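The file upload-v7.txt contains compact mmCIF, C-alpha atoms:
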```txt
# COMPACT_ATOMS: atom_id res chain seq x y z
CA MET A 1 -53.21 18.57 -13.83
CA PHE A 2 -51.86 20.04 -10.62
CA LYS A 3 -53.00 16.99 -8.79
CA THR A 4 -50.97 14.66 -11.00
CA ALA A 5 -47.94 16.95 -10.71
CA ARG A 6 -48.10 16.88 -6.95
CA SER A 7 -48.44 13.12 -6.78
CA ARG A 8 -45.56 12.73 -9.18
CA PHE A 9 -43.48 15.00 -6.96
CA GLN A 10 -44.39 12.93 -3.92
CA THR A 11 -43.35 9.77 -5.75
CA TRP A 12 -40.00 11.34 -6.60
CA VAL A 13 -39.40 12.40 -3.00
CA THR A 14 -40.28 8.99 -1.63
CA ALA A 15 -38.11 7.11 -4.10
CA GLY A 16 -35.22 9.57 -3.58
CA ALA A 17 -35.34 9.21 0.20
CA GLY A 18 -35.21 5.45 -0.15
CA THR A 19 -32.22 5.64 -2.51
CA ILE A 20 -30.37 8.03 -0.23
CA ALA A 21 -31.04 5.81 2.80
CA ALA A 22 -29.78 2.77 0.89
CA LEU A 23 -26.58 4.60 -0.17
CA LEU A 24 -25.96 5.77 3.40
CA VAL A 25 -26.40 2.28 4.86
CA ALA A 26 -24.16 0.77 2.18
CA GLY A 27 -21.53 3.45 2.82
CA LEU A 28 -21.65 2.90 6.57
CA MET A 29 -21.26 -0.83 6.10
CA GLY A 30 -18.21 -0.27 3.91
CA ALA A 31 -19.56 -1.42 0.57
CA PHE A 32 -17.59 1.25 -1.33
CA GLY A 33 -14.29 0.00 0.04
CA ALA A 34 -14.54 -2.80 -2.51
CA LEU A 35 -14.37 -0.36 -5.45
CA PRO A 36 -11.08 -0.45 -7.33
CA ALA A 37 -8.84 2.35 -6.03
CA HIS A 38 -7.84 5.07 -8.46
CA ALA A 39 -4.29 4.57 -9.66
CA PRO A 40 -2.06 7.59 -8.89
CA PRO A 41 -1.67 9.68 -12.05
CA GLN A 42 1.38 9.67 -14.28
CA LEU A 43 3.22 12.97 -13.92
CA PRO A 44 5.23 14.55 -16.75
CA PRO A 45 8.96 13.87 -16.30
CA ASP A 46 10.05 17.08 -18.05
CA ALA A 47 8.11 19.70 -16.06
CA ALA A 48 8.34 20.98 -12.50
CA ILE A 49 5.86 19.15 -10.27
CA ASP A 50 4.14 20.88 -7.36
CA ALA A 51 4.55 18.36 -4.51
CA GLY A 52 3.41 20.18 -1.39
CA ARG A 53 6.37 21.96 0.08
CA TRP A 54 8.64 21.18 -2.89
CA TRP A 55 8.78 21.88 -6.57
CA VAL A 56 10.44 18.78 -7.98
CA GLN A 57 11.85 18.24 -11.44
CA PRO A 58 13.60 14.88 -11.93
CA ALA A 59 16.62 15.12 -14.21
CA ARG A 60 18.01 11.62 -14.68
CA ALA A 61 18.21 8.21 -13.05
CA TYR A 62 21.01 5.66 -13.29
CA VAL A 63 22.64 2.72 -11.59
CA SER A 64 26.15 3.31 -10.28
CA ARG A 65 28.69 0.79 -9.04
CA ALA A 66 31.19 3.37 -7.82
CA LYS A 67 31.12 6.04 -5.16
CA VAL A 68 28.60 8.65 -6.23
CA TYR A 69 28.35 12.21 -4.84
CA GLY A 70 30.50 11.21 -1.89
CA VAL A 71 28.20 8.35 -0.89
CA ALA A 72 30.45 5.31 -0.42
CA LEU A 73 28.96 1.89 -1.17
CA LYS A 74 29.74 -1.37 0.60
CA PRO A 75 31.71 -3.92 -1.43
CA GLY A 76 29.44 -5.77 -3.85
CA GLN A 77 26.73 -3.15 -3.66
CA LYS A 78 25.45 -0.91 -6.38
CA ALA A 79 23.27 2.13 -6.07
CA LEU A 80 20.18 3.48 -7.75
CA VAL A 81 20.68 7.23 -8.17
CA LEU A 82 17.97 9.76 -8.98
CA GLU A 83 19.10 13.30 -9.69
CA THR A 84 16.39 15.90 -9.31
CA ASP A 85 15.95 19.63 -8.89
CA LEU A 86 14.26 20.58 -5.63
CA THR A 87 12.89 24.03 -4.81
CA ASN A 88 11.61 24.92 -1.37
CA ARG A 89 8.13 26.43 -1.76
CA THR A 90 7.73 27.29 1.93
CA ALA A 91 8.79 30.39 3.82
CA GLN A 92 11.65 28.80 5.77
CA SER A 93 14.64 26.53 5.29
CA ASP A 94 13.65 22.89 5.37
CA LYS A 95 15.04 19.39 4.85
CA ALA A 96 11.86 17.29 4.85
CA TYR A 97 12.58 15.79 1.44
CA PHE A 98 13.43 12.24 2.52
CA ASN A 99 10.09 10.68 1.58
CA VAL A 100 9.38 12.67 -1.58
CA PHE A 101 10.65 9.97 -3.97
CA LYS A 102 10.32 6.21 -3.68
CA PRO A 103 11.17 3.77 -6.47
CA ASP A 104 8.33 1.35 -7.23
CA GLY A 105 8.76 -2.36 -7.76
CA ILE A 106 12.34 -2.63 -6.49
CA ASP A 107 13.50 -4.48 -3.43
CA LEU A 108 15.40 -1.94 -1.30
CA PRO A 109 17.58 -3.19 1.57
CA ASP A 110 17.09 0.19 3.23
CA PRO A 111 14.11 2.30 2.12
CA MET A 112 15.75 5.48 3.43
CA PRO A 113 17.94 7.01 0.70
CA MET A 114 21.16 8.94 1.20
CA ILE A 115 20.58 12.41 -0.23
CA ALA A 116 23.47 14.59 -1.34
CA LEU A 117 23.71 18.10 -2.69
CA ALA A 118 25.11 17.78 -6.21
CA ARG A 119 26.93 21.11 -5.86
CA ASP A 120 29.45 19.92 -3.26
CA GLN A 121 28.34 16.51 -1.95
CA THR A 122 27.00 17.81 1.37
CA LEU A 123 24.72 15.15 2.83
CA THR A 124 21.14 16.26 3.53
CA PRO A 125 21.60 20.02 3.84
CA GLU A 126 18.66 22.30 4.50
CA LEU A 127 17.27 23.85 1.33
CA HIS A 128 16.35 27.51 1.49
CA PRO A 129 13.15 29.14 0.22
CA GLY A 130 13.09 29.62 -3.53
CA MET A 131 16.69 28.46 -4.09
CA THR A 132 16.62 25.55 -6.52
CA GLU A 133 19.27 22.90 -5.92
CA ARG A 134 20.16 19.69 -7.76
CA MET A 135 19.96 16.82 -5.27
CA ALA A 136 20.95 13.17 -5.72
CA TYR A 137 18.88 10.46 -4.04
CA VAL A 138 21.07 7.36 -3.61
CA TRP A 139 19.46 4.03 -2.70
CA PRO A 140 22.02 1.25 -2.11
CA LEU A 141 20.99 -2.04 -3.77
CA ALA A 142 22.25 -5.59 -3.56
CA GLY A 143 24.88 -6.21 -6.23
CA ASP A 144 22.74 -8.76 -8.08
CA ALA A 145 19.50 -6.78 -7.93
CA ILE A 146 17.79 -6.42 -11.29
CA VAL A 147 16.84 -2.86 -12.20
CA PRO A 148 14.43 -2.46 -15.14
CA ALA A 149 15.32 -0.12 -17.98
CA THR A 150 12.49 2.22 -17.06
CA LEU A 151 11.46 2.71 -13.48
CA SER A 152 8.59 4.59 -11.94
CA PHE A 153 9.17 6.71 -8.86
CA GLY A 154 6.27 7.46 -6.56
CA ILE A 155 6.04 11.06 -5.40
CA THR A 156 4.63 11.82 -1.96
CA ALA A 157 3.26 15.27 -1.18
CA GLU A 158 1.77 16.83 1.92
CA ILE A 159 -0.93 19.40 2.49
CA PHE A 160 -0.51 22.68 4.35
CA LYS A 161 -2.71 23.39 7.33
CA PRO A 162 -2.61 26.94 8.71
CA ARG A 163 -3.71 25.44 12.03
CA ASP A 164 -3.28 21.81 12.98
CA ASN A 165 -5.87 20.16 15.16
CA LEU A 166 -3.64 19.61 18.20
CA TYR A 167 -1.83 22.88 18.84
CA GLY A 168 -3.28 25.22 16.24
CA THR A 169 0.15 25.74 14.70
CA PRO A 170 0.81 25.89 10.95
CA GLY A 171 2.51 22.94 9.31
CA TRP A 172 2.57 20.29 6.60
CA PHE A 173 0.52 17.17 7.27
CA ASN A 174 -1.26 14.17 5.74
CA PRO A 175 1.25 12.78 3.22
CA TYR A 176 -0.44 11.32 0.17
CA ARG A 177 0.67 9.72 -3.06
CA LEU A 178 0.66 12.52 -5.61
CA GLY A 179 1.51 10.36 -8.62
CA THR A 180 4.35 8.60 -10.33
CA VAL A 181 7.12 9.72 -12.66
CA THR A 182 8.55 7.17 -15.06
CA MET A 183 12.23 7.61 -15.88
CA PRO A 184 14.67 5.66 -18.04
CA VAL A 185 17.44 4.17 -15.90
CA ALA A 186 20.89 4.14 -17.45
CA ASP A 187 23.33 1.49 -16.27
CA LEU A 188 26.72 3.06 -15.77
CA PRO A 189 29.77 0.81 -16.15
CA GLU A 190 32.24 0.07 -13.35
CA SER A 191 34.23 3.25 -13.86
CA GLY A 192 31.41 5.32 -12.37
CA SER A 193 29.87 8.55 -13.51
CA MET B 194 -42.79 42.94 29.45
CA LYS B 195 -41.95 43.75 25.87
CA ILE B 196 -39.13 46.10 26.85
CA ARG B 197 -37.68 43.37 29.04
CA ALA B 198 -37.67 40.88 26.18
CA ILE B 199 -35.95 43.37 23.91
CA GLY B 200 -33.39 44.07 26.63
CA ASN B 201 -32.69 40.37 27.03
CA LEU B 202 -32.25 40.02 23.29
CA ALA B 203 -29.84 42.96 23.25
CA ILE B 204 -27.78 41.42 26.07
CA LEU B 205 -27.71 38.09 24.23
CA ALA B 206 -26.57 39.76 21.00
CA ALA B 207 -23.89 41.72 22.83
CA THR B 208 -22.61 38.54 24.51
CA VAL B 209 -22.48 36.71 21.19
CA ALA B 210 -20.59 39.59 19.58
CA LEU B 211 -18.14 39.81 22.48
CA SER B 212 -17.50 36.07 22.49
CA TYR B 213 -16.97 36.01 18.73
CA GLY B 214 -14.59 38.94 18.94
CA MET B 215 -12.59 37.22 21.66
CA GLN B 216 -12.48 34.02 19.64
CA VAL B 217 -11.18 35.63 16.45
CA SER B 218 -8.67 37.87 18.24
CA LYS B 219 -7.27 35.09 20.45
CA PRO B 220 -3.55 34.60 19.71
CA HIS B 221 -2.65 31.19 18.34
CA TYR B 222 -0.60 28.72 20.32
CA ALA B 223 2.32 29.27 17.93
CA GLU B 224 2.22 33.00 18.68
CA LEU B 225 1.85 32.47 22.43
CA THR B 226 4.93 30.24 22.57
CA ALA B 227 7.00 32.06 19.94
CA PRO B 228 10.46 33.41 20.84
CA ILE B 229 10.39 36.90 22.35
CA PRO B 230 12.06 39.31 19.89
CA ILE B 231 14.51 41.92 21.09
CA ASP B 232 15.07 44.49 18.37
CA GLY B 233 18.33 46.16 17.60
CA ALA B 234 20.45 47.59 14.83
CA MET B 235 23.89 46.84 13.45
CA HIS B 236 26.81 47.96 15.65
CA ASP B 237 24.52 48.09 18.72
CA THR B 238 24.80 45.60 21.57
CA VAL B 239 21.52 43.69 21.78
CA ARG B 240 20.90 42.19 25.21
CA ALA B 241 19.05 38.89 24.99
CA ARG B 242 18.16 36.86 28.08
CA SER B 243 21.27 34.69 28.23
CA PHE B 244 23.71 36.47 25.90
CA ASP B 245 24.67 39.83 24.42
CA VAL B 246 25.29 40.11 20.71
CA ARG B 247 26.62 42.88 18.50
CA LEU B 248 26.56 42.49 14.72
CA ASP B 249 29.73 44.14 13.47
CA LYS B 250 29.77 43.53 9.74
CA VAL B 251 28.26 41.50 6.93
CA VAL B 252 30.39 40.46 3.95
CA PHE B 253 28.82 39.16 0.75
CA ALA B 254 30.67 36.74 -1.52
CA ARG B 255 29.96 34.54 -4.53
CA THR B 256 32.03 31.60 -3.27
CA LEU B 257 33.39 30.52 0.07
CA LYS B 258 36.86 29.04 0.35
CA THR B 259 37.38 26.73 3.29
CA GLU B 260 39.58 23.87 4.31
CA GLN B 261 38.14 20.52 5.29
CA PHE B 262 40.21 17.50 6.31
CA GLY B 263 43.28 19.20 4.90
CA GLN B 264 41.66 19.71 1.51
CA GLU B 265 40.60 23.00 0.05
CA ARG B 266 36.93 23.32 -0.81
CA LEU B 267 35.21 26.00 -2.87
CA LEU B 268 31.55 26.30 -1.96
CA THR B 269 29.34 27.80 -4.64
CA THR B 270 25.76 28.96 -4.31
CA SER B 271 22.88 29.94 -6.56
CA GLY B 272 22.49 33.14 -4.51
CA LEU B 273 25.09 34.94 -2.42
CA TRP B 274 26.98 33.97 0.69
CA ALA B 275 26.45 36.36 3.58
CA VAL B 276 29.05 36.10 6.32
CA ALA B 277 27.94 37.98 9.45
CA THR B 278 30.60 38.71 12.07
CA THR B 279 29.23 39.12 15.58
CA ASN B 280 30.64 39.88 18.97
CA LEU B 281 29.16 37.61 21.63
CA ALA B 282 29.24 37.41 25.42
CA ALA B 283 27.13 35.59 27.99
CA THR B 284 25.18 37.59 30.57
CA GLY B 285 25.03 35.42 33.69
CA THR B 286 26.51 32.00 33.07
CA SER B 287 28.49 30.19 30.40
CA THR B 288 26.19 29.08 27.60
CA THR B 289 26.05 28.52 23.86
CA VAL B 290 24.58 30.59 21.04
CA ALA B 291 23.66 28.18 18.29
CA ASP B 292 20.97 29.56 16.02
CA GLY B 293 21.13 32.20 13.31
CA THR B 294 18.46 32.99 10.72
CA TRP B 295 18.43 35.54 7.90
CA GLN B 296 14.94 37.00 7.60
CA GLY B 297 14.24 38.62 4.25
CA PRO B 298 12.11 41.73 3.78
CA THR B 299 8.98 39.65 3.14
CA GLY B 300 9.57 37.33 6.10
CA LEU B 301 11.22 34.40 4.30
CA ARG B 302 13.58 32.69 6.74
CA TYR B 303 16.98 31.44 5.57
CA HIS B 304 18.52 29.30 8.27
CA GLN B 305 22.30 29.33 8.70
CA THR B 306 24.14 27.09 6.28
CA GLU B 307 24.84 23.45 7.05
CA ARG B 308 27.31 23.06 4.23
CA LEU B 309 30.38 24.05 6.25
CA SER B 310 31.81 21.40 8.50
CA TYR B 311 32.50 22.07 12.16
CA ARG B 312 34.70 25.08 12.74
CA GLN B 313 35.75 26.96 15.83
CA ASP B 314 34.24 30.24 14.63
CA MET B 315 30.90 28.77 13.51
CA PRO B 316 27.83 28.00 15.65
CA PRO B 317 27.36 26.70 18.27
CA HIS B 318 29.39 29.47 19.89
CA ALA B 319 30.43 28.77 23.47
CA VAL B 320 30.21 32.10 25.31
CA ASP B 321 31.19 33.11 28.82
CA PRO B 322 30.20 36.11 30.93
CA GLY B 323 32.57 39.03 30.68
CA LEU B 324 34.67 37.44 27.92
CA ASP B 325 33.77 38.85 24.53
CA ARG B 326 34.43 36.63 21.57
CA SER B 327 33.70 36.87 17.89
CA GLY B 328 31.50 34.39 16.10
CA LEU B 329 30.45 33.95 12.49
CA PHE B 330 27.00 33.21 11.12
CA VAL B 331 27.02 32.18 7.46
CA PHE B 332 23.89 32.33 5.31
CA GLU B 333 23.01 31.49 1.73
CA VAL B 334 20.52 34.09 0.45
CA PRO B 335 19.16 35.20 -2.92
CA PRO B 336 20.26 38.74 -3.85
CA ASP B 337 16.70 40.10 -3.68
CA GLN B 338 16.40 39.17 0.00
CA ILE B 339 19.11 41.53 1.25
CA ARG B 340 17.55 44.99 1.22
CA GLY B 341 15.42 45.35 4.36
CA ALA B 342 16.56 42.05 5.88
CA SER B 343 17.30 41.30 9.51
CA VAL B 344 19.36 38.65 11.28
CA LEU B 345 17.73 36.63 14.07
CA ILE B 346 20.08 35.15 16.66
CA ALA B 347 18.90 32.84 19.43
CA ALA B 348 20.50 30.43 21.85
CA ARG B 349 18.71 27.41 20.36
CA GLN B 350 16.72 26.70 17.24
CA PHE B 351 13.50 25.70 19.02
CA ALA B 352 13.35 27.96 22.05
CA PRO B 353 9.76 28.90 22.91
CA LEU B 354 9.50 32.00 25.11
CA ASP B 355 13.27 32.52 25.06
CA ALA B 356 14.82 35.72 23.78
CA GLN B 357 15.70 36.17 20.11
CA ALA B 358 17.90 39.08 19.05
CA ARG B 359 16.44 40.65 15.88
CA ILE B 360 19.07 42.84 14.28
CA SER B 361 17.93 44.94 11.34
CA LEU B 362 20.45 45.38 8.53
CA ASP B 363 19.33 48.81 7.37
CA ALA B 364 22.87 50.13 7.74
CA LEU B 365 24.17 47.82 4.98
CA PRO B 366 25.41 49.68 1.89
CA ILE B 367 23.01 48.72 -0.91
CA GLY B 368 23.51 49.78 -4.51
CA ALA B 369 20.85 51.40 -6.66
CA ASP B 370 19.81 48.05 -8.11
CA GLY B 371 18.96 46.62 -4.68
CA GLN B 372 22.10 44.48 -4.63
CA PRO B 373 24.77 44.83 -1.97
CA ALA B 374 27.33 47.52 -2.76
CA ASP B 375 30.29 45.17 -3.02
CA VAL B 376 30.32 41.43 -3.44
CA LEU B 377 33.61 39.57 -3.15
CA PRO B 378 34.23 36.94 -5.80
CA GLU B 379 35.67 34.69 -3.10
CA TYR B 380 35.76 34.80 0.70
CA ASP B 381 38.51 32.84 2.39
CA MET B 382 37.15 31.62 5.71
CA ASP B 383 40.61 30.85 7.03
CA ALA B 384 42.35 34.03 5.95
CA ALA B 385 39.56 36.04 7.53
CA VAL B 386 40.10 34.71 11.03
CA PRO B 387 42.96 37.00 12.24
CA SER B 388 41.29 40.22 11.07
CA VAL B 389 38.08 39.12 12.78
CA GLN B 390 39.78 38.40 16.05
CA GLY B 391 41.44 41.79 16.18
CA LYS B 392 38.24 43.82 16.31
CA SER B 393 37.84 46.04 13.28
```
Go through the file and emit its structure as structure tokens.
Amino acid sequence: MFKTARSRFQTWVTAGAGTIAALLVAGLMGAFGALPAHAPPQLPPDAAIDAGRWWVQPARAYVSRAKVYGVALKPGQKALVLETDLTNRTAQSDKAYFNVFKPDGIDLPDPMPMIALARDQTLTPELHPGMTERMAYVWPLAGDAIVPATLSFGITAEIFKPRDNLYGTPGWFNPYRLGTVTMPVADLPESGS
Amino acid sequence: MKIRAIGNLAILAATVALSYGMQVSKPHYAELTAPIPIDGAMHDTVRARSFDVRLDKVVFARTLKTEQFGQERLLTTSGLWAVATTNLAATGTSTTVADGTWQGPTGLRYHQTERLSYRQDMPPHAVDPGLDRSGLFVFEVPPDQIRGASVLIAARQFAPLDAQARISLDALPIGADGQPADVLPEYDMDAAVPSVQGKS
């Protein structure tokens, strides 16, 4: 009985080693790159989202044809505006919120938004630790651009490293796509908001 | 022979322990190149490398009134505005003092506000040796970050191995609830200028 158990064990080991070797070779040759990538998850639009150094809570999105939060538009342009609450989760004042939101499936003339403080229209101020502020992301669009009634915004987060690999200093690195938030987009008439 | 082997092992173990201790206690690059703090208190002159600074008073307000392009602006905040009045002078040569940070009791760092447009009495302050001048540093801080805070003043924001005045605010009158003793409903930046210039 022990003899059969031992031989069965040897069979298992041999077969397992072969399988592991096959998986390793396939992985090294890049076979798993052909797997379908996981789609980034849908995030709830009505709850604060932990996005690395920011808590974000989108409030509303709309298309404006007039000056919005002090951001002047060129003639014939309109703007996609996303208003969101941002809270600095780090220990120091920071303004690295430019790449947090990106609208998906829209042709942007300039991917870099103008970002204004809703409180008094200051452009891209530093946000202080733990002090939530309503910010408006403004992407100028061509006047004839078609904006769907619901739009998904990709959210990019970063990870904290207490020591980076180059200098051993703490910081936020490796941006990755955290997920998407789908928002209804209102179309405001000419008179503006 | 046996004693020798044990001795060698003991030396090896001691070397490993010493090396490990040196590795874990080695300061990080960020600490090696951090600004050099120079501690001080309110109303004392703190001598940094390139400038002297004396923090005279801190006023707390719920809103700031300022004038920009001929229009009056009221700046609100979710916390409190802290307006720190300092007396500045250069030590050896004319220079600028540009960086102020409010450090809360737990080490949170609130950089000076960027919501005010350029003003003569706001950073960067141009300072000259022997000529004292007053300069404001304006911060936006939550009320729970005032007791036990300190103000960090440096010549530049990223200044490794340069001096940083670290002025503790223990002398501030704080009420029993941990909030500052008096908070103005509104602080007029422009009305405040004459009283600041004549030293109080």
For chain A, report every residue with an atom at most 8 Å from chain B (counting all atoms listed in the file), formatted as a CSV table (one decimal) with C-alpha atoms, in the frame of the given file.
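result-v8.csv, freshly written:
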```csv
chain,number,residue,atom,x,y,z
A,91,ALA,CA,8.8,30.4,3.8
A,92,GLN,CA,11.6,28.8,5.8
A,93,SER,CA,14.6,26.5,5.3
A,119,ARG,CA,26.9,21.1,-5.9
A,120,ASP,CA,29.4,19.9,-3.3
A,122,THR,CA,27.0,17.8,1.4
A,125,PRO,CA,21.6,20.0,3.8
A,126,GLU,CA,18.7,22.3,4.5
A,128,HIS,CA,16.4,27.5,1.5
A,129,PRO,CA,13.2,29.1,0.2
A,131,MET,CA,16.7,28.5,-4.1
A,132,THR,CA,16.6,25.6,-6.5
A,133,GLU,CA,19.3,22.9,-5.9
A,167,TYR,CA,-1.8,22.9,18.8
A,168,GLY,CA,-3.3,25.2,16.2
A,169,THR,CA,0.2,25.7,14.7
A,170,PRO,CA,0.8,25.9,11.0
```
- Task: Have a look at atom CA of Val185 of chain A and atom CA of Arg60 of chain A and let me know their distance in Å, one decimal.
- Result: 7.6 Å
- Task: Might you pull out every residue within 9 Å of Asp107 of chain A, with all atoms listed in the file counted and same-chain residues fewer than 2 positions away left off, and present them as a list of chain:residue names?
- Result: A:Asp104, A:Gly105, A:Pro109, A:Asp110, A:Pro111, A:Leu141, A:Ala142, A:Ala145
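Between atom CA of Asp144 of chain A and atom CA of Thr124 of chain A the interatomic distance comes to 27.6 Å.
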- Taking (26.6, 2.9, -8.1) in the file's coordinates as the center, which residues reach within 7 Å of it, counting all atoms listed in the file, put as a list of chain:residue names?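 Within the cut-off we find A:Val63, A:Ser64, A:Arg65, A:Ala66, A:Lys67, A:Val68, A:Lys78, A:Ala79, A:Leu80, A:Gly192.
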- Message: Please list as a PyMOL selection string every residue within 12 Å of segment 238-246 of chain B, counting only C-alpha atoms and excluding residues in the same chain fewer than 3 positions away.
- Response: chain B and resi 228-235+249+277-291+293+318-330+344-349+352+354-361
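A straight line drawn from atom CA of Gly16 of chain A to atom CA of Phe32 of chain A is 19.6 Å long.
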- Excluding same-chain residues fewer than 4 positions from Pro148 of chain A, what lies within 10 Å of it counting all atoms listed in the file, as a list in words?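 Within the cut-off, the hits are Gly105, Ile106, Ser152, Pro184, Val185, Ala186 and Asp187 of chain A.
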Output file for the selection above: C-alpha atoms, as a CSV table (one decimal), keeping the file's coordinate frame:
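Saved file again.csv follows:
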```csv
chain,number,residue,atom,x,y,z
A,105,GLY,CA,8.8,-2.4,-7.8
A,106,ILE,CA,12.3,-2.6,-6.5
A,152,SER,CA,8.6,4.6,-11.9
A,184,PRO,CA,14.7,5.7,-18.0
A,185,VAL,CA,17.4,4.2,-15.9
A,186,ALA,CA,20.9,4.1,-17.4
A,187,ASP,CA,23.3,1.5,-16.3
```
